[in-house]
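With CSV, C-alpha atoms inside, this is entry01.csv:
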```
chain,number,residue,atom,x,y,z
A,122,MET,CA,-4.6,-5.3,-24.3
A,123,LEU,CA,-2.8,-8.0,-22.4
A,124,ARG,CA,-0.2,-5.5,-21.4
A,125,LYS,CA,-2.9,-3.2,-20.1
A,126,LEU,CA,-4.6,-6.0,-18.1
A,127,PHE,CA,-1.4,-7.2,-16.6
A,128,PRO,CA,1.0,-4.2,-16.2
A,129,HIS,CA,3.2,-6.2,-13.8
A,130,PRO,CA,2.8,-10.0,-14.2
A,131,TYR,CA,5.3,-10.8,-11.4
A,132,LEU,CA,3.4,-8.5,-9.0
A,133,THR,CA,0.1,-10.3,-10.0
A,134,LEU,CA,1.7,-13.7,-9.3
A,135,LEU,CA,3.1,-12.5,-6.0
A,136,LEU,CA,-0.2,-11.1,-4.9
A,137,VAL,CA,-2.1,-14.3,-5.8
A,138,VAL,CA,0.4,-16.5,-4.0
A,139,THR,CA,0.4,-14.3,-0.9
A,140,TRP,CA,-3.3,-14.2,-0.7
A,141,MET,CA,-3.5,-18.0,-1.0
A,142,LEU,CA,-1.0,-18.4,1.8
A,143,LEU,CA,-2.9,-15.9,3.9
A,144,VAL,CA,-6.3,-17.7,3.6
A,145,ASN,CA,-4.4,-21.0,4.3
A,146,HIS,CA,-6.6,-23.4,2.3
A,147,LEU,CA,-6.9,-24.2,-1.3
A,148,LYS,CA,-10.5,-23.5,-2.5
A,149,LEU,CA,-11.7,-22.3,-5.8
A,150,GLY,CA,-13.5,-19.3,-4.3
A,151,SER,CA,-10.3,-18.0,-2.7
A,152,LEU,CA,-8.4,-18.5,-5.9
A,153,VAL,CA,-10.9,-16.4,-7.8
A,154,PHE,CA,-10.8,-13.6,-5.2
A,155,ALA,CA,-6.9,-13.8,-5.3
A,156,LEU,CA,-7.0,-13.4,-9.1
A,157,ILE,CA,-9.4,-10.4,-8.8
A,158,LEU,CA,-7.1,-8.7,-6.3
A,159,GLY,CA,-4.0,-9.7,-8.3
A,160,ILE,CA,-5.4,-8.0,-11.4
A,161,ILE,CA,-7.0,-4.9,-9.8
A,162,ILE,CA,-4.1,-3.9,-7.4
A,163,PRO,CA,-1.4,-3.7,-10.1
A,164,ILE,CA,-3.7,-1.7,-12.4
A,165,ILE,CA,-4.5,0.8,-9.6
A,166,THR,CA,-0.9,1.2,-8.5
A,167,ALA,CA,0.5,1.3,-12.1
A,168,PRO,CA,1.4,5.0,-11.9
A,169,TYR,CA,3.8,4.3,-9.1
A,170,TRP,CA,5.7,1.6,-11.1
A,171,PRO,CA,6.5,3.3,-14.3
A,172,ASP,CA,8.6,0.6,-15.9
A,173,ARG,CA,8.9,-3.2,-15.6
A,174,PRO,CA,12.2,-4.6,-14.1
A,175,ALA,CA,13.7,-6.7,-16.8
A,176,LEU,CA,14.7,-10.2,-15.8
A,177,ARG,CA,17.1,-11.7,-18.2
A,178,ASN,CA,17.5,-15.1,-16.6
A,179,PRO,CA,14.7,-16.0,-14.1
A,180,ILE,CA,15.9,-19.6,-13.6
A,181,ALA,CA,19.2,-18.3,-12.1
A,182,ILE,CA,17.2,-16.7,-9.2
A,183,ILE,CA,16.7,-20.2,-7.7
A,184,GLY,CA,20.4,-20.8,-7.5
A,185,TYR,CA,21.0,-17.3,-6.1
A,186,VAL,CA,18.3,-17.8,-3.4
A,187,LEU,CA,19.8,-21.2,-2.4
A,188,ILE,CA,23.3,-19.7,-2.1
A,189,VAL,CA,22.0,-16.7,0.0
A,190,LEU,CA,20.1,-19.0,2.3
A,191,TYR,CA,23.2,-21.1,2.9
A,192,ASP,CA,25.2,-17.9,3.6
A,193,ILE,CA,22.5,-16.7,6.0
A,194,VAL,CA,22.9,-19.9,8.1
A,195,LYS,CA,26.7,-19.7,7.9
A,196,SER,CA,26.7,-16.0,8.8
A,197,ASN,CA,24.6,-16.8,11.9
A,198,PHE,CA,27.2,-19.2,13.2
A,199,ILE,CA,30.0,-16.8,12.4
A,200,VAL,CA,28.4,-13.8,14.1
A,201,ALA,CA,27.3,-15.9,17.1
A,202,GLY,CA,30.9,-17.0,17.5
A,203,ILE,CA,32.2,-13.5,17.3
A,204,VAL,CA,29.6,-12.2,19.8
A,205,LEU,CA,30.2,-14.9,22.3
A,206,PHE,CA,33.9,-15.6,22.2
A,207,LYS,CA,35.7,-12.5,20.9
A,208,PRO,CA,36.6,-9.8,23.4
A,209,SER,CA,35.5,-6.4,22.2
A,210,SER,CA,39.1,-5.1,22.2
A,211,GLN,CA,40.1,-7.6,19.5
A,212,LEU,CA,37.3,-6.7,17.2
A,213,GLN,CA,38.5,-5.1,14.0
A,214,SER,CA,35.5,-3.5,12.4
A,215,ALA,CA,36.0,-1.7,9.2
A,216,TRP,CA,34.3,0.4,6.6
A,217,VAL,CA,34.6,-0.8,3.0
A,218,THR,CA,33.6,0.9,-0.2
A,219,VAL,CA,32.2,-1.5,-2.8
A,220,PRO,CA,32.2,0.0,-6.3
A,221,LEU,CA,29.2,-1.2,-8.3
A,222,ASP,CA,29.0,-2.5,-11.8
A,223,LEU,CA,25.3,-3.1,-11.5
A,224,ARG,CA,23.1,-0.3,-12.8
A,225,SER,CA,19.5,-1.3,-12.4
A,226,PRO,CA,17.9,-0.1,-9.1
A,227,GLU,CA,16.3,-3.4,-8.4
A,228,ALA,CA,19.6,-5.3,-8.7
A,229,ILE,CA,21.3,-2.8,-6.4
A,230,THR,CA,18.5,-3.2,-3.9
A,231,VAL,CA,18.8,-7.0,-3.9
A,232,LEU,CA,22.6,-6.8,-3.6
A,233,ALA,CA,22.3,-4.4,-0.6
A,234,GLY,CA,19.8,-6.7,1.1
A,235,THR,CA,22.0,-9.7,0.4
A,236,ILE,CA,25.1,-8.0,1.9
A,237,THR,CA,23.2,-7.2,5.0
A,238,MET,CA,22.0,-10.8,5.5
A,239,THR,CA,25.4,-12.4,4.9
A,240,PRO,CA,28.5,-13.0,7.1
A,241,GLY,CA,29.5,-10.0,9.2
A,242,THR,CA,28.7,-7.3,6.6
A,243,LEU,CA,26.1,-4.6,6.6
A,244,THR,CA,25.1,-2.1,3.9
A,245,ALA,CA,25.0,1.4,5.4
A,246,ASP,CA,24.7,3.8,2.5
A,247,MET,CA,25.1,4.4,-1.2
A,248,SER,CA,26.9,7.1,-2.9
A,249,GLY,CA,24.9,10.0,-4.3
A,250,ASP,CA,25.1,8.8,-7.9
A,251,GLY,CA,24.4,5.1,-7.1
A,252,ARG,CA,27.9,3.9,-8.2
A,253,ALA,CA,29.2,2.6,-4.8
A,254,LEU,CA,27.9,1.0,-1.6
A,255,LEU,CA,29.2,1.7,1.9
A,256,VAL,CA,29.6,-1.6,3.7
A,257,HIS,CA,30.4,-2.0,7.4
A,258,CYS,CA,32.2,-5.2,8.5
A,259,LEU,CA,31.9,-6.6,12.0
A,260,HIS,CA,35.3,-8.3,12.0
A,261,ALA,CA,37.4,-7.9,8.9
A,262,PRO,CA,41.2,-8.1,9.3
A,263,ASP,CA,41.4,-7.8,5.5
A,264,PRO,CA,38.8,-5.5,4.0
A,265,GLU,CA,40.0,-6.1,0.4
A,266,GLU,CA,39.0,-9.7,0.7
A,267,VAL,CA,35.5,-8.8,1.8
A,268,ARG,CA,35.1,-6.5,-1.2
A,269,ASP,CA,36.4,-9.2,-3.6
A,270,GLU,CA,34.0,-11.8,-2.2
A,271,ILE,CA,31.0,-9.5,-2.5
A,272,LYS,CA,31.9,-8.7,-6.1
A,273,THR,CA,32.6,-12.3,-7.2
A,274,ARG,CA,30.0,-14.2,-5.2
A,275,TYR,CA,27.0,-12.0,-5.4
A,276,GLU,CA,27.4,-9.2,-7.9
A,277,ALA,CA,28.5,-11.5,-10.7
A,278,ARG,CA,25.5,-13.7,-10.2
A,279,LEU,CA,23.1,-10.7,-10.0
A,280,MET,CA,24.7,-9.4,-13.2
A,281,ARG,CA,23.7,-12.6,-14.9
A,282,ILE,CA,20.1,-12.4,-13.6
A,283,PHE,CA,19.3,-8.7,-14.2
A,284,GLU,CA,21.6,-7.3,-16.9
B,74,MET,CA,10.7,-33.9,24.8
B,75,ILE,CA,9.0,-31.0,23.0
B,76,PRO,CA,7.7,-29.5,26.3
B,77,TYR,CA,11.2,-29.3,27.6
B,78,ALA,CA,12.5,-27.7,24.4
B,79,LEU,CA,9.6,-25.3,24.5
B,80,THR,CA,10.3,-24.3,28.1
B,81,PHE,CA,14.0,-23.7,27.2
B,82,ALA,CA,13.1,-21.6,24.2
B,83,PHE,CA,10.6,-19.6,26.3
B,84,GLY,CA,13.4,-18.9,28.8
B,85,CYS,CA,15.8,-17.8,26.1
B,86,PHE,CA,13.5,-15.4,24.4
B,87,GLY,CA,12.3,-14.0,27.8
B,88,LEU,CA,15.9,-13.4,28.7
B,89,SER,CA,16.4,-11.7,25.3
B,90,LEU,CA,13.5,-9.4,26.1
B,91,LEU,CA,15.2,-8.4,29.4
B,92,PHE,CA,18.5,-7.7,27.5
B,93,ASN,CA,16.6,-5.5,25.1
B,94,LEU,CA,14.8,-3.7,27.9
B,95,TYR,CA,18.2,-3.0,29.5
B,96,ARG,CA,19.5,-1.6,26.1
B,97,ILE,CA,16.4,0.7,25.8
B,98,PHE,CA,17.1,2.2,29.3
B,99,VAL,CA,20.9,2.4,29.1
B,100,ALA,CA,21.8,3.5,25.6
B,101,PRO,CA,24.3,6.1,24.3
B,102,GLY,CA,21.9,7.4,21.7
B,103,VAL,CA,18.4,7.3,20.3
B,104,VAL,CA,19.5,5.1,17.4
B,105,ASP,CA,20.4,2.3,19.9
B,106,ARG,CA,16.9,2.5,21.4
B,107,VAL,CA,15.3,2.1,18.0
B,108,LEU,CA,17.5,-0.9,17.3
B,109,ALA,CA,16.5,-2.4,20.7
B,110,LEU,CA,12.8,-1.8,20.0
B,111,ASP,CA,13.2,-3.5,16.6
B,112,THR,CA,14.9,-6.5,18.2
B,113,MET,CA,12.2,-6.6,20.9
B,114,VAL,CA,9.5,-6.9,18.2
B,115,ILE,CA,11.3,-9.9,16.6
B,116,ASN,CA,11.6,-11.6,20.0
B,117,ILE,CA,7.9,-11.0,20.7
B,118,ILE,CA,6.9,-12.6,17.4
B,119,ALA,CA,9.0,-15.7,18.4
B,120,LEU,CA,7.3,-15.7,21.9
B,121,LEU,CA,3.8,-15.5,20.2
B,122,VAL,CA,4.6,-18.4,18.0
B,123,LEU,CA,6.0,-20.5,20.9
B,124,TYR,CA,2.8,-19.7,22.8
B,125,GLY,CA,0.8,-20.9,19.8
B,126,ILE,CA,2.7,-24.2,19.9
B,127,ASN,CA,2.2,-24.5,23.6
B,128,THR,CA,-1.6,-24.0,23.4
B,129,HIS,CA,-2.0,-26.0,20.2
B,130,SER,CA,-3.9,-23.1,18.6
B,131,ALA,CA,-3.2,-21.4,15.3
B,132,VAL,CA,-4.8,-18.1,16.3
B,133,TYR,CA,-1.5,-16.6,17.3
B,134,PHE,CA,0.0,-16.7,13.8
B,135,GLU,CA,-2.3,-13.9,12.7
B,136,ALA,CA,-1.2,-11.9,15.7
B,137,GLY,CA,2.5,-12.6,14.8
B,138,LEU,CA,1.9,-11.5,11.2
B,139,LEU,CA,0.3,-8.2,12.4
B,140,PHE,CA,3.1,-7.7,14.9
B,141,ALA,CA,5.7,-8.2,12.2
B,142,MET,CA,4.0,-5.6,10.0
B,143,THR,CA,3.4,-2.9,12.6
B,144,GLY,CA,7.0,-3.5,14.0
B,145,PHE,CA,8.5,-2.9,10.6
B,146,VAL,CA,6.5,0.2,9.9
B,147,SER,CA,7.1,1.6,13.3
B,148,THR,CA,10.9,1.1,13.0
B,149,VAL,CA,10.9,2.8,9.6
B,150,ALA,CA,8.8,5.6,11.0
B,151,TYR,CA,11.2,6.2,13.9
B,152,CYS,CA,14.2,6.2,11.6
B,153,LYS,CA,12.5,8.5,9.1
B,154,PHE,CA,11.8,10.9,12.0
B,155,ILE,CA,15.4,10.8,13.1
B,156,LEU,CA,16.6,11.4,9.5
B,157,ARG,CA,14.2,14.0,8.3
B,158,GLY,CA,12.4,15.4,11.5
B,159,ASP,CA,9.1,14.5,9.9
B,160,ILE,CA,7.4,11.2,9.0
B,161,ILE,CA,5.0,12.1,6.2
B,162,GLU,CA,6.3,14.9,3.9
C,66,MET,CA,8.7,-41.3,12.3
C,67,GLU,CA,7.0,-39.5,15.1
C,68,GLN,CA,10.2,-39.9,17.2
C,69,ILE,CA,12.4,-38.3,14.5
C,70,ALA,CA,10.0,-35.4,14.1
C,71,GLU,CA,9.9,-34.8,17.8
C,72,ILE,CA,13.7,-34.8,17.9
C,73,THR,CA,13.9,-32.4,14.9
C,74,ILE,CA,11.4,-30.0,16.4
C,75,SER,CA,13.2,-30.0,19.8
C,76,VAL,CA,16.6,-29.4,18.2
C,77,LEU,CA,15.1,-26.5,16.1
C,78,LEU,CA,13.5,-25.0,19.2
C,79,VAL,CA,16.7,-25.2,21.3
C,80,ALA,CA,18.9,-23.8,18.4
C,81,ALA,CA,16.4,-21.0,17.8
C,82,GLY,CA,16.4,-20.1,21.4
C,83,ILE,CA,20.2,-20.0,21.6
C,84,PHE,CA,20.4,-17.8,18.4
C,85,GLY,CA,17.8,-15.4,19.6
C,86,LEU,CA,19.5,-15.1,23.0
C,87,VAL,CA,22.9,-14.5,21.3
C,88,GLY,CA,21.4,-11.8,19.0
C,89,SER,CA,20.1,-9.9,22.0
C,90,PHE,CA,23.2,-10.6,24.0
C,91,GLY,CA,25.2,-9.0,21.2
C,92,LEU,CA,23.1,-5.9,21.6
C,93,ILE,CA,24.4,-5.3,25.1
C,94,LYS,CA,27.9,-6.7,24.7
C,95,LEU,CA,29.3,-5.2,21.4
C,96,PRO,CA,31.2,-1.9,21.8
C,97,ASP,CA,29.5,0.6,19.5
C,98,THR,CA,26.3,1.2,17.6
C,99,MET,CA,27.5,0.0,14.1
C,100,THR,CA,28.8,-3.3,15.5
C,101,ARG,CA,25.7,-3.6,17.7
C,102,LEU,CA,23.6,-3.4,14.5
C,103,HIS,CA,25.1,-6.7,13.3
C,104,ALA,CA,24.0,-9.0,16.1
C,105,PRO,CA,20.2,-8.6,16.0
C,106,THR,CA,19.7,-8.4,12.3
C,107,LYS,CA,21.4,-11.7,11.8
C,108,ALA,CA,21.1,-13.9,14.9
C,109,SER,CA,17.5,-12.9,15.7
C,110,THR,CA,16.4,-13.6,12.1
C,111,LEU,CA,17.6,-17.2,12.3
C,112,GLY,CA,16.2,-17.4,15.8
C,113,VAL,CA,12.7,-16.5,14.7
C,114,GLY,CA,13.1,-18.5,11.5
C,115,GLY,CA,13.9,-21.6,13.6
C,116,VAL,CA,10.9,-21.1,15.9
C,117,LEU,CA,8.6,-20.7,12.8
C,118,LEU,CA,10.0,-23.8,11.1
C,119,ALA,CA,9.6,-25.8,14.3
C,120,SER,CA,6.0,-24.6,14.6
C,121,MET,CA,5.3,-25.5,11.0
C,122,LEU,CA,6.7,-29.0,11.4
C,123,TYR,CA,4.8,-29.4,14.7
C,124,PHE,CA,1.4,-28.5,13.3
C,125,TRP,CA,2.0,-30.6,10.2
C,126,ILE,CA,3.3,-33.8,11.7
C,127,MET,CA,1.9,-33.8,15.2
C,128,ARG,CA,-1.5,-32.2,14.4
C,129,GLY,CA,-1.9,-33.1,10.7
C,130,GLN,CA,-2.8,-29.6,9.6
C,131,LEU,CA,-0.3,-27.8,7.4
C,132,SER,CA,-0.2,-24.0,8.0
C,133,TRP,CA,1.4,-21.6,5.7
C,134,HIS,CA,1.2,-18.5,7.9
C,135,GLU,CA,4.6,-19.3,9.5
C,136,PHE,CA,6.1,-19.3,6.0
C,137,LEU,CA,4.6,-15.9,5.4
C,138,ILE,CA,6.0,-14.5,8.6
C,139,THR,CA,9.4,-15.9,7.9
C,140,MET,CA,9.5,-14.4,4.4
C,141,PHE,CA,8.3,-11.1,5.7
C,142,ILE,CA,11.0,-11.0,8.4
C,143,LEU,CA,13.7,-12.1,6.0
C,144,LEU,CA,12.7,-9.3,3.6
C,145,THR,CA,12.3,-6.5,6.1
C,146,ALA,CA,15.4,-7.2,8.3
C,147,PRO,CA,17.9,-5.7,5.7
C,148,ILE,CA,15.7,-2.7,5.2
C,149,THR,CA,15.3,-1.8,8.9
C,150,ALA,CA,19.1,-2.4,9.4
C,151,ASN,CA,19.8,-0.1,6.5
C,152,PHE,CA,17.5,2.6,7.8
C,153,ILE,CA,19.0,2.4,11.3
C,154,ALA,CA,22.5,2.6,9.9
C,155,LYS,CA,21.5,5.7,7.9
C,156,ALA,CA,19.9,7.3,10.9
C,157,HIS,CA,23.1,6.6,12.9
C,158,MET,CA,25.3,8.1,10.2
C,159,HIS,CA,23.0,11.1,10.0
C,160,ARG,CA,23.1,11.9,13.7
C,161,PHE,CA,26.5,10.7,14.9
C,162,GLY,CA,28.4,9.9,11.7
C,163,ASP,CA,31.7,11.6,11.0
C,164,LYS,CA,32.4,12.3,7.4
C,165,ASN,CA,36.2,12.0,7.9
C,166,THR,CA,36.1,8.5,9.3
C,167,MET,CA,34.3,7.1,6.3
C,168,PRO,CA,36.2,5.8,3.3
C,169,ASP,CA,36.1,7.6,0.0
C,170,THR,CA,33.3,6.9,-2.4
C,171,GLY,CA,35.6,6.5,-5.4
C,172,THR,CA,33.0,8.5,-7.4
C,173,PRO,CA,32.4,12.3,-7.9
C,174,ARG,CA,29.5,12.4,-5.4
C,175,ASP,CA,29.6,11.9,-1.7
C,176,TRP,CA,27.6,9.3,0.4
C,177,ALA,CA,23.9,10.0,0.1
C,178,THR,CA,23.4,10.7,3.8
C,179,PHE,CA,26.0,13.5,3.8
C,180,GLU,CA,24.8,15.3,0.8
C,181,ASP,CA,22.6,18.4,1.2
C,182,GLU,CA,18.9,18.1,0.8
C,183,SER,CA,18.6,19.8,-2.6
C,184,LYS,CA,20.8,17.1,-4.2
C,185,GLU,CA,19.0,14.3,-2.3
C,186,MET,CA,15.8,15.1,-4.2
C,187,GLU,CA,17.3,14.5,-7.6
C,188,PRO,CA,16.7,11.2,-9.2
C,189,VAL,CA,20.0,9.5,-8.6
C,190,MET,CA,19.7,6.3,-10.6
C,191,THR,CA,18.7,6.0,-14.2
C,192,ARG,CA,18.7,2.8,-16.2
C,193,VAL,CA,21.4,2.2,-18.7
C,194,GLU,CA,19.3,1.7,-21.8
C,195,PRO,CA,16.5,4.2,-22.4
C,196,LYS,CA,13.0,2.7,-22.2
C,197,PRO,CA,12.0,1.1,-25.4
C,198,LYS,CA,9.5,3.2,-27.3
C,199,VAL,CA,6.0,1.9,-27.6
C,200,THR,CA,5.9,0.4,-31.1
C,201,ALA,CA,3.0,-0.8,-33.2
C,202,SER,CA,3.7,-4.5,-32.3
C,203,ASP,CA,2.9,-3.8,-28.6
C,204,HIS,CA,-0.7,-3.0,-29.5
C,205,GLN,CA,-1.3,-6.2,-31.5
C,206,PHE,CA,-2.6,-8.3,-28.6
```

Can I see the file as structure tokens?
Amino acid sequence: MLRKLFPHPYLTLLLVVTWMLLVNHLKLGSLVFALILGIIIPIITAPYWPDRPALRNPIAIIGYVLIVLYDIVKSNFIVAGIVLFKPSSQLQSAWVTVPLDLRSPEAITVLAGTITMTPGTLTADMSGDGRALLVHCLHAPDPEEVRDEIKTRYEARLMRIFE
Amino acid sequence: MIPYALTFAFGCFGLSLLFNLYRIFVAPGVVDRVLALDTMVINIIALLVLYGINTHSAVYFEAGLLFAMTGFVSTVAYCKFILRGDIIE
Amino acid sequence: MEQIAEITISVLLVAAGIFGLVGSFGLIKLPDTMTRLHAPTKASTLGVGGVLLASMLYFWIMRGQLSWHEFLITMFILLTAPITANFIAKAHMHRFGDKNTMPDTGTPRDWATFEDESKEMEPVMTRVEPKPKVTASDHQF
């Protein structure tokens, strides 16, 4: 019964929070409407989300988000420095293949997004069977190092959250 | 102090829009034009919010939110068109 | 207090303006499409983020009304920037990409963009564990 009413509890929570931020003031009426929307929309769209993503360790998400935010700010300074002060002829951009240990689609999506937002790297594609990511580096004299950093810094943490 | 910082930010984002416009006209391929349009949307959101601060009105945030959404969808639609030759299959 | 807030807002605005400008400058300065993709997705995101943070602080401290719309816009831009970048990269690879300049996948299958359409339609990712079967305990609620 409870599973039928809330097919996706995280989606319900997200919808309620988003609606409350959209109306921009805390009133009981808006909260009731947010709850109605948060219950109806997941039920209607349930056929498109056949299974729930399993979160093994939801607390670890906070640490991950903080690390990624720090890296976004750091990456901005690095990329700005490269754009402003490095002549184009000295730019060593490289393609890197990152083999994946993660298997769940949600975890791979989060990893790809994280790689795009962090220092000088950008996810371009995935192999046909979902076992490797193609990453483009803006300035990487040593591509091996980039791959190792992605694997230890982000993938290991995502492994702990999702699998 | 804030008015000076505001003017500076206005100037920066206005100049950014000019750079983007240049990239839309002079580009080696259609992908660069899509990228320039996407950047343009982001700069326009920043300009809208700055204008909201300048006029002390909160109306412009809704415009910014709508702009962010339509900008994202239009970029995805352009890319989908380049990739598949069709948007809705 | 008011003074500190004013300085913080001004610094945020100036920094955001510089980052936004650098992002768009990278768009015309960097040599090829893939490197050009780096500048706007990163620098512009922090540029807009800084402006939105400044606006949030301004309306909160100077006007006494806390508005959450800026937060929503920031989250939306932070979440969609990687997706648009990925889409543009895929479009670039599809049109101008050369298979021979890309590194090897290290797996039996090729990069998804270069595979032919019949393969593209197959579901590529499956979860490791099979879905747990619905048991009697699920219906007890």

Contact residues around range 267-279 of chain A with only C-alpha atoms at 9 Å, ignoring same-chain residues under 3 positions, as an MDAnalysis selection string: chainID A and resid 181:182 185 189 217:223 228:229 231:232 235:236 242 256 258 261 263:264 282:284

Would you output that residue set with C-alpha atoms, as a short mmCIF file (atom, residue, chain, number, x, y, z; two decimals), in the frame of the given file?
```cif
data_model
loop_
_atom_site.label_atom_id
_atom_site.label_comp_id
_atom_site.auth_asym_id
_atom_site.auth_seq_id
_atom_site.Cartn_x
_atom_site.Cartn_y
_atom_site.Cartn_z
CA ALA A 181 19.20 -18.30 -12.10
CA ILE A 182 17.20 -16.70 -9.20
CA TYR A 185 21.00 -17.30 -6.10
CA VAL A 189 22.00 -16.70 0.00
CA VAL A 217 34.60 -0.80 3.00
CA THR A 218 33.60 0.90 -0.20
CA VAL A 219 32.20 -1.50 -2.80
CA PRO A 220 32.20 0.00 -6.30
CA LEU A 221 29.20 -1.20 -8.30
CA ASP A 222 29.00 -2.50 -11.80
CA LEU A 223 25.30 -3.10 -11.50
CA ALA A 228 19.60 -5.30 -8.70
CA ILE A 229 21.30 -2.80 -6.40
CA VAL A 231 18.80 -7.00 -3.90
CA LEU A 232 22.60 -6.80 -3.60
CA THR A 235 22.00 -9.70 0.40
CA ILE A 236 25.10 -8.00 1.90
CA THR A 242 28.70 -7.30 6.60
CA VAL A 256 29.60 -1.60 3.70
CA CYS A 258 32.20 -5.20 8.50
CA ALA A 261 37.40 -7.90 8.90
CA ASP A 263 41.40 -7.80 5.50
CA PRO A 264 38.80 -5.50 4.00
CA ILE A 282 20.10 -12.40 -13.60
CA PHE A 283 19.30 -8.70 -14.20
CA GLU A 284 21.60 -7.30 -16.90
#
```

What residues in chain B have any atom no more than 8 Å from chain C when counting only C-alpha atoms, and can you write them as a ChimeraX atom specification? /B:74-75,78-79,81-83,85-86,88-90,92-93,95-96,104-105,107-109,112,115-116,118-119,122-123,126,134-135,137-138,141,145,148-149,152-153,155-156

Nearest residue to chain A out of C:Arg174, C:Gly162, C:Leu122, C:Leu143, using only C-alpha atoms? C:Arg174

For chain A versus chain B, which residues have an atom no more than 12 Å away, and what is each residue's nearest atom pair and distance in Å rounded to one decimal, using only C-alpha atoms, chain-then-number order, as a Markdown table?
```
| residue | atom | partner | partner_atom | distance |
| --- | --- | --- | --- | --- |
| A:Leu142 | CA | B:Glu135 | CA | 11.9 |
| A:Leu143 | CA | B:Glu135 | CA | 9.0 |
| A:Val144 | CA | B:Glu135 | CA | 10.6 |
| A:Asn145 | CA | B:Ala131 | CA | 11.1 |
```

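Between CA of Arg157 in chain B and CA of Val103 in chain B the separation is 14.4 Å.
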
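Atom to atom, CA of Leu110 in chain B and CA of Phe98 in chain B stand 11.0 Å apart.
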
What is the CA of Ile160 in chain A-CA of Phe127 in chain A distance in Å, reported with one decimal? 6.6 Å

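Closest to Glu227 in chain A among A:Pro262, A:Ile164, A:Leu176, A:Ala215 is A:Leu176, based on all atoms listed in the file.
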
Could you add whatever atoms are missing so that range 105-117 of chain B carries N, CA and C atoms, then write the result as a PDB file, keeping the file's coordinate frame?
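Ended up saving to rebuild32.pdb:
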```
ATOM      1  N   ASP B 105      20.322   3.544  19.175  1.00  0.00           N
ATOM      2  CA  ASP B 105      20.400   2.300  19.900  1.00  0.00           C
ATOM      3  C   ASP B 105      19.044   1.853  20.423  1.00  0.00           C
ATOM      4  N   ARG B 106      18.273   2.853  20.863  1.00  0.00           N
ATOM      5  CA  ARG B 106      16.900   2.500  21.400  1.00  0.00           C
ATOM      6  C   ARG B 106      16.032   2.014  20.307  1.00  0.00           C
ATOM      7  N   VAL B 107      16.111   2.636  19.127  1.00  0.00           N
ATOM      8  CA  VAL B 107      15.300   2.100  18.000  1.00  0.00           C
ATOM      9  C   VAL B 107      15.683   0.713  17.673  1.00  0.00           C
ATOM     10  N   LEU B 108      16.996   0.449  17.646  1.00  0.00           N
ATOM     11  CA  LEU B 108      17.500  -0.900  17.300  1.00  0.00           C
ATOM     12  C   LEU B 108      16.964  -1.901  18.387  1.00  0.00           C
ATOM     13  N   ALA B 109      17.009  -1.502  19.660  1.00  0.00           N
ATOM     14  CA  ALA B 109      16.500  -2.400  20.700  1.00  0.00           C
ATOM     15  C   ALA B 109      15.048  -2.666  20.569  1.00  0.00           C
ATOM     16  N   LEU B 110      14.274  -1.635  20.203  1.00  0.00           N
ATOM     17  CA  LEU B 110      12.800  -1.800  20.000  1.00  0.00           C
ATOM     18  C   LEU B 110      12.571  -2.787  18.856  1.00  0.00           C
ATOM     19  N   ASP B 111      13.353  -2.645  17.777  1.00  0.00           N
ATOM     20  CA  ASP B 111      13.200  -3.500  16.600  1.00  0.00           C
ATOM     21  C   ASP B 111      13.466  -4.966  17.000  1.00  0.00           C
ATOM     22  N   THR B 112      14.538  -5.183  17.761  1.00  0.00           N
ATOM     23  CA  THR B 112      14.900  -6.500  18.200  1.00  0.00           C
ATOM     24  C   THR B 112      13.773  -7.082  19.120  1.00  0.00           C
ATOM     25  N   MET B 113      13.235  -6.189  19.950  1.00  0.00           N
ATOM     26  CA  MET B 113      12.200  -6.600  20.900  1.00  0.00           C
ATOM     27  C   MET B 113      10.960  -7.127  20.068  1.00  0.00           C
ATOM     28  N   VAL B 114      10.601  -6.442  18.990  1.00  0.00           N
ATOM     29  CA  VAL B 114       9.500  -6.900  18.200  1.00  0.00           C
ATOM     30  C   VAL B 114       9.737  -8.299  17.649  1.00  0.00           C
ATOM     31  N   ILE B 115      10.974  -8.533  17.157  1.00  0.00           N
ATOM     32  CA  ILE B 115      11.300  -9.900  16.600  1.00  0.00           C
ATOM     33  C   ILE B 115      11.188 -10.922  17.700  1.00  0.00           C
ATOM     34  N   ASN B 116      11.700 -10.599  18.908  1.00  0.00           N
ATOM     35  CA  ASN B 116      11.600 -11.600  20.000  1.00  0.00           C
ATOM     36  C   ASN B 116      10.169 -11.843  20.388  1.00  0.00           C
ATOM     37  N   ILE B 117       9.329 -10.795  20.355  1.00  0.00           N
ATOM     38  CA  ILE B 117       7.900 -11.000  20.700  1.00  0.00           C
ATOM     39  C   ILE B 117       7.207 -11.862  19.733  1.00  0.00           C
TER      40      ILE B 117
END
```
